[in-house]
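File shown here: upload-v6.pdb, holding PDB, N, CA and C atoms.
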ATOM      1  N   MET A 607     -19.264   0.502  57.516
ATOM      2  CA  MET A 607     -19.408  -0.461  56.453
ATOM      3  C   MET A 607     -19.527  -1.844  57.069
ATOM      4  N   ALA A 608     -20.466  -2.604  56.578
ATOM      5  CA  ALA A 608     -20.697  -3.934  57.136
ATOM      6  C   ALA A 608     -19.590  -4.870  56.685
ATOM      7  N   GLU A 609     -19.357  -5.867  57.511
ATOM      8  CA  GLU A 609     -18.332  -6.858  57.156
ATOM      9  C   GLU A 609     -18.837  -7.708  56.002
ATOM     10  N   LEU A 610     -17.932  -8.008  55.076
ATOM     11  CA  LEU A 610     -18.283  -8.821  53.919
ATOM     12  C   LEU A 610     -17.802 -10.243  54.144
ATOM     13  N   SER A 611     -18.577 -11.152  53.641
ATOM     14  CA  SER A 611     -18.181 -12.553  53.748
ATOM     15  C   SER A 611     -17.067 -12.819  52.732
ATOM     16  N   PRO A 612     -16.314 -13.902  52.913
ATOM     17  CA  PRO A 612     -15.237 -14.225  51.957
ATOM     18  C   PRO A 612     -15.759 -14.387  50.523
ATOM     19  N   GLU A 613     -16.959 -14.926  50.370
ATOM     20  CA  GLU A 613     -17.521 -15.084  49.029
ATOM     21  C   GLU A 613     -17.797 -13.727  48.384
ATOM     22  N   GLU A 614     -18.308 -12.785  49.181
ATOM     23  CA  GLU A 614     -18.588 -11.446  48.666
ATOM     24  C   GLU A 614     -17.298 -10.710  48.305
ATOM     25  N   ILE A 615     -16.276 -10.901  49.118
ATOM     26  CA  ILE A 615     -14.968 -10.290  48.836
ATOM     27  C   ILE A 615     -14.410 -10.851  47.529
ATOM     28  N   GLN A 616     -14.510 -12.173  47.363
ATOM     29  CA  GLN A 616     -14.014 -12.807  46.135
ATOM     30  C   GLN A 616     -14.808 -12.326  44.918
ATOM     31  N   LEU A 617     -16.134 -12.198  45.076
ATOM     32  CA  LEU A 617     -16.977 -11.711  43.991
ATOM     33  C   LEU A 617     -16.586 -10.289  43.600
ATOM     34  N   ARG A 618     -16.372  -9.433  44.591
ATOM     35  CA  ARG A 618     -15.967  -8.039  44.320
ATOM     36  C   ARG A 618     -14.588  -7.993  43.662
ATOM     37  N   ALA A 619     -13.679  -8.837  44.095
ATOM     38  CA  ALA A 619     -12.337  -8.895  43.496
ATOM     39  C   ALA A 619     -12.432  -9.318  42.036
ATOM     40  N   ASN A 620     -13.288 -10.280  41.746
ATOM     41  CA  ASN A 620     -13.478 -10.722  40.362
ATOM     42  C   ASN A 620     -14.069  -9.602  39.499
ATOM     43  N   GLN A 621     -15.005  -8.835  40.069
ATOM     44  CA  GLN A 621     -15.603  -7.723  39.337
ATOM     45  C   GLN A 621     -14.552  -6.659  39.003
ATOM     46  N   VAL A 622     -13.710  -6.344  39.980
ATOM     47  CA  VAL A 622     -12.661  -5.343  39.761
ATOM     48  C   VAL A 622     -11.678  -5.839  38.703
ATOM     49  N   THR A 623     -11.329  -7.121  38.783
ATOM     50  CA  THR A 623     -10.415  -7.699  37.788
ATOM     51  C   THR A 623     -11.024  -7.615  36.393
ATOM     52  N   ASP A 624     -12.312  -7.910  36.275
ATOM     53  CA  ASP A 624     -12.993  -7.826  34.985
ATOM     54  C   ASP A 624     -13.007  -6.389  34.459
ATOM     55  N   GLU A 625     -13.275  -5.427  35.348
ATOM     56  CA  GLU A 625     -13.297  -4.021  34.945
ATOM     57  C   GLU A 625     -11.929  -3.568  34.442
ATOM     58  N   VAL A 626     -10.877  -3.973  35.140
ATOM     59  CA  VAL A 626      -9.517  -3.616  34.726
ATOM     60  C   VAL A 626      -9.208  -4.230  33.365
ATOM     61  N   SER A 627      -9.622  -5.460  33.176
ATOM     62  CA  SER A 627      -9.391  -6.135  31.896
ATOM     63  C   SER A 627     -10.116  -5.415  30.764
ATOM     64  N   ILE A 628     -11.340  -5.004  30.998
ATOM     65  CA  ILE A 628     -12.117  -4.283  29.988
ATOM     66  C   ILE A 628     -11.471  -2.936  29.677
ATOM     67  N   LEU A 629     -11.018  -2.228  30.701
ATOM     68  CA  LEU A 629     -10.369  -0.937  30.483
ATOM     69  C   LEU A 629      -9.084  -1.093  29.673
ATOM     70  N   ARG A 630      -8.321  -2.132  29.944
ATOM     71  CA  ARG A 630      -7.090  -2.375  29.173
ATOM     72  C   ARG A 630      -7.427  -2.658  27.711
ATOM     73  N   SER A 631      -8.501  -3.401  27.496
ATOM     74  CA  SER A 631      -8.924  -3.685  26.121
ATOM     75  C   SER A 631      -9.327  -2.402  25.404
ATOM     76  N   CYS A 632     -10.017  -1.520  26.106
ATOM     77  CA  CYS A 632     -10.440  -0.251  25.514
ATOM     78  C   CYS A 632      -9.241   0.613  25.148
ATOM     79  N   VAL A 633      -8.239   0.638  26.006
ATOM     80  CA  VAL A 633      -7.035   1.411  25.706
ATOM     81  C   VAL A 633      -6.369   0.850  24.453
ATOM     82  N   GLY A 634      -6.317  -0.465  24.334
ATOM     83  CA  GLY A 634      -5.743  -1.085  23.141
ATOM     84  C   GLY A 634      -6.542  -0.749  21.896
ATOM     85  N   LEU A 635      -7.870  -0.677  22.024
ATOM     86  CA  LEU A 635      -8.722  -0.344  20.884
ATOM     87  C   LEU A 635      -8.566   1.114  20.464
ATOM     88  N   GLU A 636      -8.260   1.995  21.412
ATOM     89  CA  GLU A 636      -8.045   3.400  21.070
ATOM     90  C   GLU A 636      -6.809   3.560  20.197
ATOM     91  N   GLN A 637      -5.796   2.734  20.427
ATOM     92  CA  GLN A 637      -4.550   2.831  19.672
ATOM     93  C   GLN A 637      -4.635   2.096  18.338
ATOM     94  N   LEU A 638      -5.608   1.245  18.165
ATOM     95  CA  LEU A 638      -5.722   0.424  16.963
ATOM     96  C   LEU A 638      -5.857   1.236  15.674
ATOM     97  N   PRO A 639      -6.716   2.263  15.601
ATOM     98  CA  PRO A 639      -6.821   3.017  14.341
ATOM     99  C   PRO A 639      -5.504   3.639  13.896
ATOM    100  N   SER A 640      -4.727   4.177  14.832
ATOM    101  CA  SER A 640      -3.453   4.778  14.433
ATOM    102  C   SER A 640      -2.481   3.712  13.939
ATOM    103  N   LYS A 641      -2.507   2.531  14.547
ATOM    104  CA  LYS A 641      -1.637   1.444  14.087
ATOM    105  C   LYS A 641      -2.049   0.985  12.692
ATOM    106  N   ILE A 642      -3.352   0.930  12.448
ATOM    107  CA  ILE A 642      -3.852   0.532  11.133
ATOM    108  C   ILE A 642      -3.439   1.562  10.084
ATOM    109  N   MET A 643      -3.555   2.851  10.420
ATOM    110  CA  MET A 643      -3.171   3.895   9.472
ATOM    111  C   MET A 643      -1.684   3.819   9.139
ATOM    112  N   VAL A 644      -0.850   3.558  10.137
ATOM    113  CA  VAL A 644       0.590   3.421   9.893
ATOM    114  C   VAL A 644       0.841   2.233   8.974
ATOM    115  N   SER A 645       0.150   1.144   9.228
ATOM    116  CA  SER A 645       0.301  -0.049   8.394
ATOM    117  C   SER A 645      -0.141   0.230   6.955
ATOM    118  N   PHE A 646      -1.261   0.929   6.782
ATOM    119  CA  PHE A 646      -1.745   1.267   5.443
ATOM    120  C   PHE A 646      -0.767   2.192   4.722
ATOM    121  N   LYS A 647      -0.192   3.150   5.447
ATOM    122  CA  LYS A 647       0.770   4.072   4.840
ATOM    123  C   LYS A 647       2.001   3.320   4.362
ATOM    124  N   GLU A 648       2.493   2.377   5.173
ATOM    125  CA  GLU A 648       3.646   1.571   4.765
ATOM    126  C   GLU A 648       3.303   0.742   3.530
ATOM    127  N   GLN A 649       2.113   0.162   3.515
ATOM    128  CA  GLN A 649       1.688  -0.642   2.369
ATOM    129  C   GLN A 649       1.571   0.228   1.113
ATOM    130  N   LEU A 650       1.017   1.425   1.257
ATOM    131  CA  LEU A 650       0.895   2.339   0.125
ATOM    132  C   LEU A 650       2.270   2.741  -0.400
ATOM    133  N   ASN A 651       3.216   2.974   0.495
ATOM    134  CA  ASN A 651       4.574   3.312   0.074
ATOM    135  C   ASN A 651       5.193   2.175  -0.729
ATOM    136  N   ARG A 652       4.987   0.935  -0.280
ATOM    137  CA  ARG A 652       5.523  -0.210  -1.022
ATOM    138  C   ARG A 652       4.865  -0.319  -2.401
ATOM    139  N   ILE A 653       3.565  -0.053  -2.469
ATOM    140  CA  ILE A 653       2.858  -0.093  -3.754
ATOM    141  C   ILE A 653       3.404   0.982  -4.688
ATOM    142  N   GLU A 654       3.612   2.193  -4.156
ATOM    143  CA  GLU A 654       4.145   3.279  -4.979
ATOM    144  C   GLU A 654       5.553   2.955  -5.469
ATOM    145  N   GLU A 655       6.368   2.334  -4.624
ATOM    146  CA  GLU A 655       7.708   1.928  -5.049
ATOM    147  C   GLU A 655       7.610   0.904  -6.181
ATOM    148  N   GLY A 656       6.670  -0.021  -6.061
ATOM    149  CA  GLY A 656       6.456  -1.005  -7.117
ATOM    150  C   GLY A 656       6.003  -0.348  -8.417
ATOM    151  N   MET A 657       5.114   0.638  -8.305
ATOM    152  CA  MET A 657       4.650   1.362  -9.495
ATOM    153  C   MET A 657       5.799   2.127 -10.146
ATOM    154  N   ASP A 658       6.652   2.736  -9.330
ATOM    155  CA  ASP A 658       7.811   3.438  -9.875
ATOM    156  C   ASP A 658       8.711   2.479 -10.643
ATOM    157  N   GLN A 659       8.912   1.293 -10.097
ATOM    158  CA  GLN A 659       9.750   0.296 -10.768
ATOM    159  C   GLN A 659       9.104  -0.153 -12.079
ATOM    160  N   ILE A 660       7.787  -0.328 -12.073
ATOM    161  CA  ILE A 660       7.076  -0.715 -13.295
ATOM    162  C   ILE A 660       7.223   0.378 -14.354
ATOM    163  N   ASN A 661       7.060   1.641 -13.957
ATOM    164  CA  ASN A 661       7.213   2.748 -14.906
ATOM    165  C   ASN A 661       8.623   2.781 -15.486
ATOM    166  N   LYS A 662       9.602   2.551 -14.639
ATOM    167  CA  LYS A 662      10.996   2.524 -15.096
ATOM    168  C   LYS A 662      11.193   1.391 -16.105
ATOM    169  N   ASP A 663      10.645   0.223 -15.806
ATOM    170  CA  ASP A 663      10.772  -0.922 -16.709
ATOM    171  C   ASP A 663      10.074  -0.659 -18.046
ATOM    172  N   VAL A 664       8.907  -0.012 -18.015
ATOM    173  CA  VAL A 664       8.175   0.294 -19.248
ATOM    174  C   VAL A 664       8.973   1.277 -20.103
ATOM    175  N   ARG A 665       9.545   2.306 -19.484
ATOM    176  CA  ARG A 665      10.363   3.261 -20.245
ATOM    177  C   ARG A 665      11.560   2.561 -20.883
ATOM    178  N   GLU A 666      12.184   1.665 -20.143
ATOM    179  CA  GLU A 666      13.318   0.913 -20.681
ATOM    180  C   GLU A 666      12.874   0.027 -21.846
ATOM    181  N   ALA A 667      11.709  -0.600 -21.719
ATOM    182  CA  ALA A 667      11.188  -1.444 -22.800
ATOM    183  C   ALA A 667      10.869  -0.605 -24.033
ATOM    184  N   GLU A 668      10.305   0.588 -23.839
ATOM    185  CA  GLU A 668      10.016   1.472 -24.971
ATOM    186  C   GLU A 668      11.295   1.873 -25.690
ATOM    187  N   LYS A 669      12.335   2.169 -24.915
ATOM    188  CA  LYS A 669      13.626   2.506 -25.530
ATOM    189  C   LYS A 669      14.149   1.331 -26.345
ATOM    190  N   THR A 670      14.052   0.148 -25.779
ATOM    191  CA  THR A 670      14.538  -1.049 -26.471
ATOM    192  C   THR A 670      13.751  -1.289 -27.751
ATOM    193  N   LEU A 671      12.432  -1.128 -27.701
ATOM    194  CA  LEU A 671      11.613  -1.305 -28.906
ATOM    195  C   LEU A 671      11.953  -0.269 -29.971
ATOM    196  N   THR A 672      12.223   0.950 -29.563
ATOM    197  CA  THR A 672      12.625   1.980 -30.518
ATOM    198  C   THR A 672      13.938   1.595 -31.184
ATOM    199  N   GLU A 673      14.848   1.072 -30.405
ATOM    200  CA  GLU A 673      16.128   0.634 -30.961
ATOM    201  C   GLU A 673      15.935  -0.536 -31.924
ATOM    202  N   LEU A 674      15.011  -1.429 -31.608
ATOM    203  CA  LEU A 674      14.756  -2.569 -32.488
ATOM    204  C   LEU A 674      14.133  -2.142 -33.814
ATOM    205  N   ASN A 675      13.423  -1.012 -33.837
ATOM    206  CA  ASN A 675      12.802  -0.511 -35.066
ATOM    207  C   ASN A 675      13.820   0.078 -36.033
ATOM    208  N   LYS A 676      15.008   0.332 -35.581
ATOM    209  CA  LYS A 676      16.039   0.894 -36.459
ATOM    210  C   LYS A 676      16.635  -0.229 -37.295
ATOM    211  N   CYS A 677      16.754   0.016 -38.603
ATOM    212  CA  CYS A 677      17.215  -1.051 -39.496
ATOM    213  C   CYS A 677      18.708  -1.316 -39.350
ATOM    214  N   CYS A 678      19.504  -0.286 -39.192
ATOM    215  CA  CYS A 678      20.939  -0.495 -39.074
ATOM    216  C   CYS A 678      21.450  -0.035 -37.716
ATOM    217  N   GLY A 679      20.552   0.306 -36.848
ATOM    218  CA  GLY A 679      20.942   0.798 -35.533
ATOM    219  C   GLY A 679      21.125   2.297 -35.504
ATOM    220  N   LEU A 680      21.019   2.960 -36.659
ATOM    221  CA  LEU A 680      21.225   4.404 -36.723
ATOM    222  C   LEU A 680      19.975   5.174 -37.114
ATOM    223  N   CYS A 681      19.150   4.583 -37.972
ATOM    224  CA  CYS A 681      17.971   5.305 -38.449
ATOM    225  C   CYS A 681      16.740   4.397 -38.385
ATOM    226  N   VAL A 682      15.586   5.013 -38.428
ATOM    227  CA  VAL A 682      14.330   4.269 -38.379
ATOM    228  C   VAL A 682      14.035   3.714 -39.764
ATOM    229  N   CYS A 683      13.524   2.501 -39.821
ATOM    230  CA  CYS A 683      13.180   1.872 -41.100
ATOM    231  C   CYS A 683      12.141   2.719 -41.832
ATOM    232  N   PRO A 684      12.274   2.876 -43.154
ATOM    233  CA  PRO A 684      11.294   3.670 -43.912
ATOM    234  C   PRO A 684       9.878   3.116 -43.802
ATOM    235  N   CYS A 685       9.728   1.798 -43.729
ATOM    236  CA  CYS A 685       8.377   1.225 -43.631
ATOM    237  C   CYS A 685       7.702   1.627 -42.322
ATOM    238  N   ASN A 686       8.458   1.726 -41.250
ATOM    239  CA  ASN A 686       7.888   2.164 -39.970
ATOM    240  C   ASN A 686       7.526   3.640 -40.026
ATOM    241  N   ARG A 687       8.322   4.407 -40.736
ATOM    242  CA  ARG A 687       8.073   5.837 -40.846
ATOM    243  C   ARG A 687       6.790   6.088 -41.645
ATOM    244  N   LEU A 688       6.534   5.296 -42.698
ATOM    245  CA  LEU A 688       5.327   5.470 -43.504
ATOM    246  C   LEU A 688       4.069   5.184 -42.699
ATOM    247  N   VAL A 689       4.127   4.209 -41.825
ATOM    248  CA  VAL A 689       2.967   3.899 -40.986
ATOM    249  C   VAL A 689       2.659   5.082 -40.084
ATOM    250  N   LYS A 690       3.690   5.713 -39.548
ATOM    251  CA  LYS A 690       3.470   6.868 -38.676
ATOM    252  C   LYS A 690       2.932   8.049 -39.476
ATOM    253  N   LEU A 691       3.434   8.245 -40.709
ATOM    254  CA  LEU A 691       2.970   9.362 -41.529
ATOM    255  C   LEU A 691       1.544   9.158 -42.017
ATOM    256  N   ALA A 692       1.109   7.926 -42.195
ATOM    257  CA  ALA A 692      -0.250   7.654 -42.656
ATOM    258  C   ALA A 692      -1.273   8.152 -41.648
ATOM    259  N   GLY A 693      -0.938   8.151 -40.379
ATOM    260  CA  GLY A 693      -1.844   8.642 -39.352
ATOM    261  C   GLY A 693      -1.866  10.158 -39.269
ATOM    262  N   TRP A 694      -0.930  10.821 -39.934
ATOM    263  CA  TRP A 694      -0.836  12.275 -39.892
ATOM    264  C   TRP A 694      -1.856  12.875 -40.840
ATOM    265  N   THR A 695      -2.650  13.831 -40.386
ATOM    266  CA  THR A 695      -3.708  14.399 -41.226
ATOM    267  C   THR A 695      -3.297  15.718 -41.860
ATOM    268  N   GLY A 696      -2.308  16.370 -41.325
ATOM    269  CA  GLY A 696      -1.881  17.658 -41.876
ATOM    270  C   GLY A 696      -2.837  18.760 -41.475
ATOM    271  N   SER A 697      -2.509  19.996 -41.905
ATOM    272  CA  SER A 697      -3.387  21.104 -41.541
ATOM    273  C   SER A 697      -3.821  21.891 -42.736
TER
END
Just give me the structure of the file as structure tokens.
Amino acid sequence: MAELSPEEIQLRANQVTDEVSILRSCVGLEQLPSKIMVSFKEQLNRIEEGMDQINKDVREAEKTLTELNKCCGLCVCPCNRLVKLAGWTGS
């Protein structure tokens, strides 16, 4: 092998450094999709927890509205009952 000048040695060292840097970047890019999927799964879990809380709140609100429809707290007002029966078609 012929002797290399200091400039050629420095040039080759820079090339090797660049190649190593590119390879490290590629390794990081290979792991990126799995990290993104984990992040999306965590985000989806938080969204589902929020939806569960919303459903719970809606059920509680429906219960409260049903209680408000009772005239004395024990029975449903007759006027509310007539509205429901008007929609009934019978068989």
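We find atom C of Val626 (chain A) and atom N of Val644 (chain A) to be spaced 25.9 Å apart.
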So the first atom is CA of Glu648 (chain A) and the second is CA of Asp663 (chain A); what is the distance between them in Å, to one decimal place? 22.8 Å
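One finds CA of Leu650 (chain A) at 24.2 Å from CA of Gly634 (chain A).
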Return as AutoDock Vina command-line options the centre and edge lengths, in Å with one decimal, of the box along x, y and z that encloses every atom of region 654-662 of chain A in the file, padded by 8 Å per side.
--center_x 7.4 --center_y 1.2 --center_z -10.1 --size_x 23.6 --size_y 20.4 --size_z 27.9
